[in-house]
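Enquirer: Here you go, start-v8.txt (compact mmCIF, C-alpha atoms):
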# COMPACT_ATOMS: atom_id res chain seq x y z
CA MET A 29 20.10 -16.27 8.61
CA SER A 30 20.51 -12.84 7.04
CA TRP A 31 18.89 -11.08 4.15
CA ALA A 32 21.16 -12.86 1.66
CA THR A 33 19.86 -16.27 2.78
CA SER A 34 16.20 -15.31 2.41
CA ASN A 35 16.83 -13.63 -0.94
CA LEU A 36 18.60 -16.74 -2.25
CA SER A 37 15.69 -18.93 -1.20
CA GLN A 38 13.39 -16.66 -3.19
CA LEU A 39 15.59 -17.00 -6.27
CA TRP A 40 15.29 -20.81 -6.21
CA LYS A 41 11.51 -20.48 -6.49
CA ILE A 42 11.69 -18.42 -9.69
CA PRO A 43 10.10 -20.25 -12.68
CA SER A 44 12.29 -21.17 -15.63
CA THR A 45 10.61 -18.50 -17.79
CA ARG A 46 11.76 -15.71 -15.46
CA LEU A 47 15.44 -16.43 -15.27
CA LEU A 48 16.56 -12.98 -16.43
CA LEU A 49 16.77 -10.33 -13.76
CA THR A 50 16.79 -6.91 -15.34
CA SER A 51 16.95 -4.85 -12.13
CA SER A 52 16.96 -5.40 -8.44
CA GLU A 53 16.81 -3.08 -5.48
CA LEU A 54 18.19 -4.20 -2.19
CA ARG A 55 16.43 -3.31 1.02
CA LYS A 56 17.58 -0.17 2.65
CA GLY A 57 20.18 -0.46 5.37
CA SER A 58 20.99 -4.04 4.56
CA SER A 59 24.01 -3.37 2.37
CA LEU A 60 26.32 -0.69 1.11
CA LEU A 61 24.90 -1.35 -2.37
CA SER A 62 21.37 -0.36 -1.42
CA SER A 63 20.81 1.99 -4.33
CA THR A 64 22.83 0.16 -6.92
CA GLU A 65 20.99 -1.24 -9.96
CA ILE A 66 21.99 -4.85 -10.78
CA ARG A 67 21.74 -6.18 -14.33
CA THR A 68 22.88 -9.76 -14.39
CA THR A 69 21.85 -13.01 -16.01
CA VAL A 70 21.11 -15.88 -13.65
CA CYS A 71 20.99 -19.36 -15.22
CA PHE A 72 19.59 -22.35 -13.41
CA CYS A 73 19.64 -26.03 -14.45
CA ARG A 74 16.60 -28.05 -13.53
CA LYS A 75 18.53 -31.36 -13.67
CA MET A 76 20.92 -30.92 -10.80
CA GLN A 77 23.44 -33.63 -10.12
CA THR A 78 23.28 -34.64 -6.46
CA GLN A 79 25.83 -36.60 -4.48
CA THR A 80 25.63 -38.10 -1.00
CA TYR A 81 28.57 -37.67 1.37
CA GLU A 82 29.50 -39.16 4.71
CA VAL A 83 32.05 -37.88 7.24
CA VAL A 84 35.09 -40.12 7.61
CA ASN A 85 37.92 -38.93 9.81
CA GLY A 86 36.76 -35.37 9.54
CA SER A 87 36.54 -35.43 5.73
CA TYR A 88 33.65 -35.70 3.30
CA VAL A 89 33.74 -38.93 1.33
CA PRO A 90 31.25 -39.47 -1.51
CA VAL A 91 28.97 -42.49 -1.13
CA THR A 92 28.30 -44.51 -4.30
CA PRO A 93 24.69 -45.75 -4.41
CA ASN A 94 24.19 -49.45 -5.00
CA LYS A 95 22.22 -49.71 -8.27
CA GLN A 96 21.20 -53.02 -9.64
CA GLU A 97 21.91 -52.74 -13.33
CA THR A 98 20.12 -55.08 -15.63
CA PRO A 99 22.72 -56.98 -17.65
CA ALA A 100 22.48 -56.52 -21.39
CA PRO A 101 21.26 -59.62 -23.19
CA ALA A 102 24.11 -61.57 -24.67
CA GLU A 103 24.13 -61.60 -28.45
CA ASP A 104 24.30 -64.94 -30.06
CA LYS A 105 27.02 -64.67 -32.67
CA ASN A 106 25.89 -67.92 -34.23
CA ASP A 107 22.34 -66.62 -34.72
CA VAL A 108 22.26 -66.59 -38.52
CA LYS A 109 18.94 -66.10 -40.21
CA VAL A 110 18.23 -69.10 -42.40
CA GLU A 111 15.60 -68.82 -45.10
CA THR A 112 12.63 -71.17 -45.21
CA VAL A 113 12.09 -73.16 -48.38
CA GLY A 114 10.80 -71.24 -51.41
CA ALA A 115 13.85 -69.09 -52.16
CA PHE A 116 14.07 -70.49 -55.70
CA GLN A 117 10.64 -69.13 -56.59
CA LYS A 118 11.83 -65.62 -55.65
CA LEU A 119 14.74 -65.58 -58.10
CA PRO A 120 14.70 -62.64 -60.55
CA MET A 121 14.12 -63.09 -64.25
CA VAL A 122 17.51 -63.09 -66.03
CA MET A 123 17.77 -61.60 -69.50
CA PRO A 124 20.09 -63.21 -72.10
CA SER A 125 23.43 -61.42 -72.38
CA VAL A 126 22.74 -60.42 -76.02
CA ASP A 127 19.48 -58.71 -75.04
CA ILE A 128 21.18 -56.79 -72.21
CA LEU A 129 23.99 -55.63 -74.49
CA TYR A 130 21.93 -54.37 -77.42
CA SER A 131 19.29 -52.82 -75.18
CA ALA A 132 22.06 -50.92 -73.36
CA ILE A 133 23.64 -49.71 -76.62
CA LYS A 134 20.26 -48.59 -77.96
CA LYS A 135 19.42 -46.61 -74.81
CA SER A 136 22.85 -45.00 -74.57
CA LYS A 137 22.68 -43.67 -78.13
CA ARG A 138 19.56 -41.70 -77.23
CA ILE A 139 21.57 -39.57 -74.81
CA SER A 140 22.08 -36.04 -76.18
CA PRO A 141 24.61 -33.41 -75.09
CA THR A 142 23.80 -30.65 -72.65
CA LYS A 143 21.76 -27.99 -74.49
CA SER A 144 23.59 -25.00 -73.05
CA ILE A 145 26.91 -25.96 -74.71
CA VAL A 146 27.43 -23.99 -77.92
CA ASN A 147 30.96 -25.00 -78.96
CA ALA A 148 30.87 -27.99 -81.35
CA ALA A 149 33.95 -29.72 -79.86
CA LYS A 150 32.68 -29.30 -76.32
CA ARG A 151 29.24 -30.55 -77.32
CA GLU A 152 30.67 -33.71 -78.89
CA ARG A 153 32.96 -34.23 -75.92
CA ASN A 154 30.03 -33.90 -73.53
CA LYS A 155 27.85 -36.17 -75.64
CA GLY A 156 30.51 -38.90 -75.82
CA ALA A 157 31.20 -38.87 -72.09
CA ARG A 158 27.49 -39.00 -71.24
CA GLN A 159 26.77 -41.84 -73.69
CA LEU A 160 29.66 -43.94 -72.39
CA ASP A 161 28.56 -43.33 -68.82
CA ALA A 162 25.00 -44.35 -69.72
CA LEU A 163 26.21 -47.50 -71.51
CA MET A 164 28.29 -48.46 -68.50
CA LYS A 165 25.29 -48.08 -66.19
CA GLU A 166 22.87 -49.90 -68.50
CA LEU A 167 25.24 -52.86 -68.57
CA GLY A 168 26.22 -52.76 -64.90
CA VAL A 169 22.84 -52.26 -63.21
CA PRO A 170 21.32 -55.62 -64.32
CA LEU A 171 24.49 -57.42 -63.25
CA ARG A 172 24.38 -55.76 -59.84
CA ASP A 173 20.70 -56.66 -59.41
CA TYR A 174 21.38 -60.32 -60.22
CA ILE A 175 24.25 -60.48 -57.73
CA ASP A 176 22.11 -58.86 -55.01
CA LYS A 177 18.94 -60.89 -55.60
CA PHE A 178 20.44 -64.36 -55.99
CA PRO A 179 20.69 -65.68 -52.42
CA ASN A 180 23.89 -66.51 -50.61
CA LYS A 181 23.97 -70.29 -50.39
CA LYS A 182 24.89 -70.38 -46.70
CA TYR A 183 21.63 -68.60 -45.77
CA LEU A 184 19.42 -71.07 -47.65
CA HIS A 185 17.43 -73.86 -46.03
CA PRO A 186 19.61 -77.02 -45.82
CA TYR A 187 17.33 -78.82 -48.27
CA GLU A 188 17.65 -76.13 -50.93
CA ARG A 189 21.38 -75.87 -50.26
CA SER A 190 21.65 -79.58 -51.00
CA LEU A 191 19.59 -79.16 -54.17
CA ILE A 192 22.02 -76.51 -55.45
CA GLU A 193 25.07 -78.66 -54.73
CA LEU A 194 23.64 -81.88 -56.13
CA THR A 195 21.79 -80.43 -59.13
CA LEU A 196 24.28 -77.80 -60.30
CA GLY A 197 27.49 -79.36 -59.02
CA ASP A 198 29.45 -78.40 -55.94
CA GLY A 199 30.82 -74.85 -56.28
CA ASN A 200 29.28 -74.11 -59.69
CA TYR A 201 26.67 -71.70 -58.28
CA GLU A 202 29.28 -69.58 -56.50
CA GLU A 203 31.63 -69.74 -59.52
CA VAL A 204 28.99 -68.29 -61.87
CA LEU A 205 28.13 -65.48 -59.44
CA GLY A 206 31.85 -64.75 -59.05
CA ARG A 207 32.31 -64.43 -62.83
CA LEU A 208 29.28 -62.17 -62.96
CA ASN A 209 30.73 -59.92 -60.27
CA ALA A 210 34.08 -59.77 -62.10
CA LEU A 211 32.26 -58.77 -65.32
CA LYS A 212 30.40 -56.00 -63.49
CA LYS A 213 33.64 -54.57 -62.07
CA LYS A 214 35.35 -54.70 -65.47
CA VAL A 215 32.45 -52.95 -67.20
CA ASN A 216 32.47 -50.17 -64.60
CA SER A 217 36.25 -49.75 -64.79
CA VAL A 218 36.47 -49.66 -68.59
CA GLY A 219 33.38 -47.46 -68.90
CA LYS A 220 34.75 -44.84 -66.50
CA GLU A 221 38.15 -44.92 -68.20
CA HIS A 222 36.79 -44.27 -71.70
CA ALA A 223 34.25 -41.70 -70.50
CA SER A 224 37.13 -39.79 -68.91
CA LEU A 225 39.22 -40.01 -72.08
CA CYS A 226 36.31 -38.80 -74.18
CA GLY A 227 35.77 -35.89 -71.81
CA LYS A 228 39.38 -34.79 -72.32
CA SER A 229 39.19 -34.75 -76.14
CA VAL A 230 40.55 -31.61 -77.80
CA SER A 231 38.53 -31.71 -81.04
CA LYS A 232 35.18 -32.90 -82.21
CA ARG A 233 36.73 -35.62 -84.34
CA GLU A 234 38.79 -36.93 -81.45
CA ALA A 235 35.69 -37.06 -79.24
CA GLU A 236 33.82 -39.06 -81.88
CA GLU A 237 36.70 -41.54 -82.24
CA ARG A 238 37.01 -42.05 -78.49
CA LEU A 239 33.25 -42.56 -78.19
CA ALA A 240 33.30 -45.26 -80.88
CA GLU A 241 36.38 -46.83 -79.31
CA GLY A 242 34.73 -46.95 -75.86
CA ILE A 243 31.52 -48.51 -77.19
CA LYS A 244 33.52 -51.12 -79.12
CA ARG A 245 35.59 -51.99 -76.05
CA LEU A 246 32.56 -52.44 -73.79
CA GLU A 247 30.78 -54.46 -76.48
CA ASP A 248 33.77 -56.81 -76.89
CA ILE A 249 34.06 -57.32 -73.12
CA PHE A 250 30.37 -58.16 -72.75
CA LYS A 251 30.41 -60.53 -75.71
CA SER A 252 33.49 -62.41 -74.51
CA GLU A 253 32.57 -62.63 -70.80
CA GLY A 254 28.78 -62.40 -70.99
CA LYS A 255 28.50 -66.19 -70.88
CA ALA A 256 28.30 -65.76 -67.09
CA VAL A 257 24.89 -64.12 -67.60
CA ASP A 258 23.69 -66.97 -69.80
CA ASP A 259 24.96 -69.53 -67.27
CA LEU A 260 23.05 -67.71 -64.54
CA LEU A 261 19.95 -67.76 -66.75
CA ASN A 262 20.19 -71.56 -67.01
CA ILE A 263 20.74 -71.85 -63.25
CA ALA A 264 17.64 -69.75 -62.58
CA LYS A 265 15.55 -71.94 -64.91
CA THR A 266 16.80 -75.12 -63.22
CA LEU A 267 16.25 -73.90 -59.67
CA ARG A 268 12.88 -72.33 -60.39
CA ALA A 269 11.66 -75.68 -61.76
CA MET A 270 12.40 -77.40 -58.44
CA PRO A 271 9.24 -78.55 -56.63
CA VAL A 272 8.01 -76.32 -53.81
CA VAL A 273 7.83 -78.09 -50.44
CA ASP A 274 5.60 -76.96 -47.60
CA LEU A 275 7.42 -77.67 -44.33
CA LYS A 276 4.17 -77.47 -42.36
CA SER A 277 2.47 -80.12 -44.48
CA PRO A 278 3.21 -83.86 -43.96
CA THR A 279 5.25 -85.42 -46.75
CA LEU A 280 5.37 -89.06 -47.82
CA CYS A 281 8.73 -89.95 -49.36
CA LEU A 282 8.90 -93.04 -51.59
CA VAL A 283 12.31 -94.72 -51.31
CA GLY A 284 13.80 -97.89 -52.78
CA ALA A 285 16.08 -99.30 -55.45
CA PRO A 286 15.74 -98.05 -59.06
CA ASN A 287 12.80 -99.38 -61.08
CA VAL A 288 11.00 -101.06 -58.17
CA GLY A 289 7.70 -99.30 -58.93
CA LYS A 290 7.91 -96.09 -56.86
CA SER A 291 6.70 -93.90 -59.71
CA SER A 292 3.70 -96.15 -60.37
CA LEU A 293 2.67 -95.89 -56.72
CA VAL A 294 3.05 -92.09 -56.84
CA ARG A 295 0.56 -92.01 -59.70
CA ILE A 296 -1.84 -94.18 -57.69
CA LEU A 297 -1.51 -92.26 -54.43
CA SER A 298 -1.27 -88.65 -55.57
CA SER A 299 -1.62 -86.07 -58.31
CA GLY A 300 2.00 -86.50 -59.41
CA LYS A 301 2.58 -87.65 -63.00
CA PRO A 302 6.08 -89.19 -63.10
CA GLU A 303 7.77 -90.81 -66.08
CA ILE A 304 7.42 -94.60 -65.97
CA CYS A 305 9.93 -96.70 -67.92
CA ASN A 306 11.76 -99.97 -67.47
CA TYR A 307 15.30 -98.73 -66.91
CA PRO A 308 17.29 -97.67 -63.84
CA PHE A 309 17.18 -94.09 -62.60
CA THR A 310 13.91 -93.29 -64.36
CA THR A 311 13.42 -90.60 -61.72
CA ARG A 312 16.11 -88.01 -62.44
CA GLY A 313 15.10 -85.53 -59.77
CA ILE A 314 12.60 -84.86 -57.02
CA LEU A 315 8.98 -85.12 -58.21
CA MET A 316 6.26 -83.71 -55.96
CA GLY A 317 2.67 -84.87 -55.91
CA HIS A 318 -0.26 -84.04 -53.62
CA ILE A 319 -2.89 -86.03 -51.72
CA HIS A 320 -6.26 -84.59 -50.66
CA LEU A 321 -8.13 -86.76 -48.18
CA ASN A 322 -11.01 -85.64 -45.94
CA TYR A 323 -10.22 -81.96 -46.55
CA GLN A 324 -6.61 -82.56 -45.52
CA HIS A 325 -3.62 -81.76 -47.74
CA PHE A 326 -0.50 -83.95 -47.90
CA GLN A 327 2.58 -84.15 -50.14
CA VAL A 328 4.20 -87.13 -51.88
CA THR A 329 7.74 -87.18 -53.27
CA ASP A 330 9.14 -89.63 -55.78
CA THR A 331 12.91 -89.90 -55.33
CA PRO A 332 15.75 -91.43 -57.38
CA GLY A 333 16.59 -95.04 -56.57
CA LEU A 334 19.31 -96.16 -54.17
CA LEU A 335 21.91 -98.78 -55.13
CA ARG A 336 23.98 -100.93 -52.80
CA ARG A 337 27.15 -98.94 -52.21
CA PRO A 338 28.74 -96.71 -49.57
CA ASP A 339 27.34 -93.19 -49.19
CA GLU A 340 30.60 -91.60 -50.36
CA ASP A 341 30.32 -93.49 -53.67
CA ARG A 342 26.73 -92.49 -54.39
CA ASN A 343 25.94 -90.29 -57.38
CA ASN A 344 24.14 -86.97 -57.06
CA LEU A 345 20.74 -88.52 -57.84
CA GLU A 346 21.05 -90.90 -54.90
CA LYS A 347 22.29 -88.06 -52.67
CA LEU A 348 19.14 -86.12 -53.56
CA THR A 349 17.08 -88.92 -52.00
CA LEU A 350 19.15 -88.84 -48.81
CA ALA A 351 18.88 -85.03 -48.68
CA VAL A 352 15.07 -85.24 -48.76
CA LEU A 353 15.06 -87.73 -45.88
CA GLN A 354 17.57 -85.69 -43.89
CA HIS A 355 16.22 -82.16 -44.27
CA LEU A 356 12.45 -82.45 -44.79
CA PRO A 357 9.72 -83.61 -42.36
CA THR A 358 9.00 -86.86 -44.18
CA ALA A 359 7.36 -90.19 -43.48
CA VAL A 360 8.86 -93.06 -45.49
CA LEU A 361 7.20 -95.54 -47.81
CA TYR A 362 9.98 -97.97 -48.70
CA VAL A 363 9.30 -100.02 -51.84
CA HIS A 364 10.81 -103.51 -52.36
CA ASP A 365 10.76 -105.57 -55.57
CA LEU A 366 11.42 -109.29 -55.02
CA SER A 367 10.27 -110.36 -58.50
CA GLY A 368 13.70 -110.03 -60.12
CA GLU A 369 12.37 -107.47 -62.63
CA CYS A 370 14.01 -104.29 -61.30
CA GLY A 371 17.69 -105.11 -61.88
CA SER A 372 18.66 -105.08 -58.18
CA SER A 373 18.95 -108.43 -56.42
CA PRO A 374 16.90 -109.03 -53.27
CA SER A 375 20.11 -109.34 -51.23
CA ASP A 376 21.36 -105.94 -52.47
CA GLN A 377 17.95 -104.39 -51.72
CA PHE A 378 18.01 -105.95 -48.25
CA VAL A 379 21.45 -104.51 -47.38
CA THR A 380 20.51 -101.04 -48.66
CA TYR A 381 17.18 -101.18 -46.81
CA LYS A 382 18.87 -102.06 -43.51
CA GLU A 383 21.33 -99.18 -43.89
CA VAL A 384 18.65 -96.61 -44.70
CA ARG A 385 16.33 -97.88 -41.96
CA GLU A 386 19.11 -97.63 -39.39
CA LYS A 387 20.17 -94.14 -40.52
CA PHE A 388 16.62 -92.73 -40.46
CA SER A 389 15.17 -94.82 -37.65
CA ASP A 390 13.26 -91.84 -36.22
CA HIS A 391 11.05 -91.52 -39.33
CA LEU A 392 7.54 -92.96 -39.50
CA TRP A 393 7.68 -95.93 -41.85
CA ILE A 394 5.68 -98.27 -44.13
CA ASP A 395 7.22 -101.17 -46.10
CA VAL A 396 5.65 -102.18 -49.42
CA VAL A 397 6.46 -105.16 -51.64
CA SER A 398 5.48 -104.17 -55.19
CA LYS A 399 4.72 -106.32 -58.26
CA CYS A 400 3.36 -109.09 -56.04
CA ASP A 401 1.56 -110.56 -59.08
CA LEU A 402 5.00 -111.51 -60.46
CA LEU A 403 6.21 -113.26 -57.30
CA LYS A 404 6.88 -116.98 -57.68
CA ASP A 405 6.64 -119.76 -55.14
CA SER A 406 10.42 -120.07 -54.92
CA PRO A 407 12.55 -116.99 -54.06
CA VAL A 408 14.58 -115.28 -56.80
CA PHE A 409 18.38 -115.65 -56.74
CA TYR A 410 20.81 -113.65 -58.85
CA ILE A 411 23.96 -115.35 -60.12
CA THR A 412 26.00 -112.46 -58.77
CA GLU A 413 24.64 -112.82 -55.23
CA ASP A 414 26.81 -114.01 -52.36
CA SER A 415 25.78 -117.59 -51.61
CA SER A 416 27.05 -117.31 -48.05
CA ASN A 417 24.00 -115.23 -47.14
CA GLN A 418 21.44 -117.68 -48.56
CA GLU A 419 21.01 -119.61 -45.31
CA HIS A 420 20.64 -116.48 -43.19
CA THR A 421 17.23 -116.62 -41.49
CA GLU A 422 16.41 -112.94 -41.91
CA MET A 423 17.54 -112.95 -45.53
CA GLU A 424 15.47 -116.06 -46.24
CA GLN A 425 12.40 -114.38 -44.80
CA TYR A 426 13.09 -111.21 -46.80
CA ARG A 427 13.37 -113.12 -50.10
CA LYS A 428 9.95 -114.70 -49.59
CA MET A 429 7.84 -111.96 -47.99
CA GLY A 430 9.96 -108.82 -47.64
CA PRO A 431 10.43 -107.06 -44.29
CA PRO A 432 8.13 -108.03 -41.39
CA GLY A 433 4.75 -106.30 -41.71
CA ALA A 434 5.25 -105.28 -45.35
CA ILE A 435 2.13 -104.78 -47.52
CA HIS A 436 2.04 -106.72 -50.80
CA VAL A 437 0.58 -104.68 -53.66
CA SER A 438 0.20 -104.90 -57.41
CA VAL A 439 -0.61 -101.96 -59.65
CA MET A 440 -1.63 -104.35 -62.45
CA THR A 441 -4.19 -106.33 -60.42
CA GLU A 442 -4.84 -103.52 -57.86
CA LYS A 443 -4.20 -105.98 -55.06
CA GLY A 444 -3.54 -104.29 -51.71
CA LEU A 445 -3.96 -100.73 -53.04
CA SER A 446 -6.99 -99.93 -50.87
CA GLU A 447 -5.20 -101.16 -47.77
CA LEU A 448 -2.10 -99.17 -48.75
CA LYS A 449 -4.07 -95.95 -49.20
CA SER A 450 -5.67 -96.38 -45.80
CA MET A 451 -2.32 -96.98 -44.11
CA VAL A 452 -0.74 -94.03 -45.92
CA HIS A 453 -3.52 -91.76 -44.70
CA GLU A 454 -3.05 -92.92 -41.09
CA LEU A 455 0.72 -92.48 -41.42
CA LEU A 456 0.40 -88.92 -42.72
CA VAL A 457 -2.08 -87.97 -39.99
CA SER A 458 0.46 -89.19 -37.45
CA GLN A 459 3.18 -87.22 -39.23
CA MET A 460 1.01 -84.09 -39.08
CA ALA A 461 0.57 -84.53 -35.32
CA ARG A 462 4.34 -84.91 -34.97
CA ILE A 463 5.02 -81.73 -36.95
CA LYS A 464 2.53 -79.74 -34.88
CA SER A 465 4.09 -81.06 -31.68
CA GLN A 466 7.58 -80.09 -32.81
CA ASN A 467 6.42 -76.64 -33.91
CA SER A 468 4.72 -75.98 -30.58
CA SER A 469 7.77 -77.02 -28.54
CA ASN A 470 10.31 -75.31 -30.86
CA PRO A 471 8.44 -72.56 -32.75
CA GLU A 472 11.62 -71.21 -34.42
CA GLU A 473 13.04 -74.60 -35.40
CA VAL A 474 12.17 -76.22 -38.71
CA PRO A 475 11.03 -79.83 -38.25
CA LYS A 476 13.31 -82.39 -39.86
CA THR A 477 11.52 -85.69 -39.30
Turn the structure described in the file into structure tokens.

Expert:
Amino acid sequence: MSWATSNLSQLWKIPSTRLLLTSSELRKGSSLLSSTEIRTTVCFCRKMQTQTYEVVNGSYVPVTPNKQETPAPAEDKNDVKVETVGAFQKLPMVMPSVDILYSAIKKSKRISPTKSIVNAAKRERNKGARQLDALMKELGVPLRDYIDKFPNKKYLHPYERSLIELTLGDGNYEEVLGRLNALKKKVNSVGKEHASLCGKSVSKREAEERLAEGIKRLEDIFKSEGKAVDDLLNIAKTLRAMPVVDLKSPTLCLVGAPNVGKSSLVRILSSGKPEICNYPFTTRGILMGHIHLNYQHFQVTDTPGLLRRPDEDRNNLEKLTLAVLQHLPTAVLYVHDLSGECGSSPSDQFVTYKEVREKFSDHLWIDVVSKCDLLKDSPVFYITEDSSNQEHTEMEQYRKMGPPGAIHVSVMTEKGLSELKSMVHELLVSQMARIKSQNSSNPEEVPKT
């Protein structure tokens, strides 16, 4: 170990703030450069890369350390964020197309030319281009906001997605938003084109003519294609009027044929005030009521009636009822009318009831026979009914008493209403326990039954 080795070891101990050596004097007799002054810059890196080697056949071979790398979590490509219910209440307020147009024209006419321009032709050219640009933006910005703030249907909760399809018609929602987007693009394109033409005007008169021409063109486009805005306004009104459903609160869904007395029972059981008339499909949408018992809050829905026919032949009102049962955490109160007053024969009601009960067998359930004050000693037969089913034991029992365990009630005489309210309360308490159990086991999954 010579002087060079000891000197090098001293250099390694130098702090990072003293990396610049301005002069150095070697010890006498240790080198031929004993009196030479050294001015050099020495740079050190604190993070030194180290490598381990082993000798293999007389050669150094690097050894790769065994590091246990934590695998990156796999991304779920199917993990799409689905909104909870309530998206319809967040829809923006849509202005009528006429109000948007004339407000935009009024604001654009307030735009003045740049003050520093002295030449009259240049001032008019500048004024025209700025006003057309402002008009284009005043028309386009509301359209862009509507497109951005109206939700994409595929990210909605399945219940609200069904409401859009069944209430507005399949594809109508997307078609209106598509027309709105096409209008926005056309307004931007025509506005930029005429603003550019106005900016290239040679004289003041030409600039004025091109300004008037551009305003007229944008006005005609918005008047002819602005119906998309008005259609969106009607869609927003329809969707915003839909009842709000709380997925964490138990819901009692009244189901049955048309005009069997579901709406009357909703009035008795809850705060809902449905229309009550003696004709089929009185309920033309989903009506939501509320029950408050012992400081507990529950929901009640009145749904459109179901007729005896295959699911593919059902109208949109009937499909609304099935959507509620499929997508919301509901308990079912199925209403039967055996008096012959509702328009649906007992045999048709029986077949529909069996189909619905089988399809939604996992729901909590109560059967109610309404209008029991109108029941006669002998069962009711319709002339259109299939006589081959008359001797069927189950059908015979259904005609007389309804399904096994059904409660007989009458709104007119109030028979059975107290018992029904008590059973409904017990059913909804059980439904609440089921919802809490499902939420605790699957906190990110929305309960469906």

Enquirer: For stretch 365-381 of chain A, please output as number ranges by chain all residues within 6 Å (counting all atoms listed in the file; exclusion window: fewer than 6 positions along the same chain).

Expert: A: 287-288, 336, 397-398, 402-403

Enquirer: Give the answer as one residue: which of A:Gly227, A:Gly242, A:Gly313, A:Gly168 has the shortest atom-to-atom distance to A:Ile128, using all atoms listed in the file?

Expert: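 Nearest to A:Ile128: A:Gly168.
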
Enquirer: Excluding A:Ile296 and residues on its chain fewer than 4 positions from it, collect all residues at most 9 Å away from it, counting all atoms listed in the file, and give them as a ChimeraX atom specification.

Expert: /A:291-292,300,439,445,449

Enquirer: Compare A:Thr195, A:Thr279, A:Thr421, A:Ser469 by their minimum atom-to-atom distance to A:Leu353, counting only C-alpha atoms, and give me the closest one.

Expert: A:Thr279

Enquirer: Given the choices A:Pro186, A:Pro357, A:Gly206, A:Pro179, which gets closest to A:Met460 if the distance is worked out from only C-alpha atoms?

Expert: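 So, comparing all the options, the nearest one is A:Pro357.
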
Enquirer: Any idea what the distance is between atom CA of A:Ala269 and atom CA of A:Arg337?

Expert: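 Separating atom CA of A:Ala269 from atom CA of A:Arg337 is a distance of 29.5 Å.
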
Enquirer: Measuring atom to atom with all atoms listed in the file, identify which of A:Val122, A:Ser144, A:Asn154, A:Gly289 is nearest to A:Leu261.

Expert: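 Selected residue with least distance to A:Leu261: A:Val122.
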
Enquirer: Provide the atom CA of A:Leu455 to atom CA of A:Leu350 distance in Å, to one decimal place.

Expert: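 Value for the atom CA of A:Leu455-atom CA of A:Leu350 distance: 20.2 Å.
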
Enquirer: What does the structure give for the distance between atom CA of A:Leu196 and atom CA of A:Tyr174, in Å to one decimal?

Expert: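 Going from atom CA of A:Leu196 over to atom CA of A:Tyr174, I get 17.7 Å.
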
Enquirer: Which one of A:Asn147, A:Asn344, A:Asn467, A:Gln324 sits closest to A:Ile192 if you count only C-alpha atoms?

Expert: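 So, comparing all the options, the nearest one is A:Asn344.
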
Enquirer: Pick the closest to A:Leu119 from A:Arg151, A:His185, A:Lys265, A:Lys232: which is it, counting all atoms listed in the file?

Expert: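 That would be A:Lys265, the residue with the smallest distance to A:Leu119.
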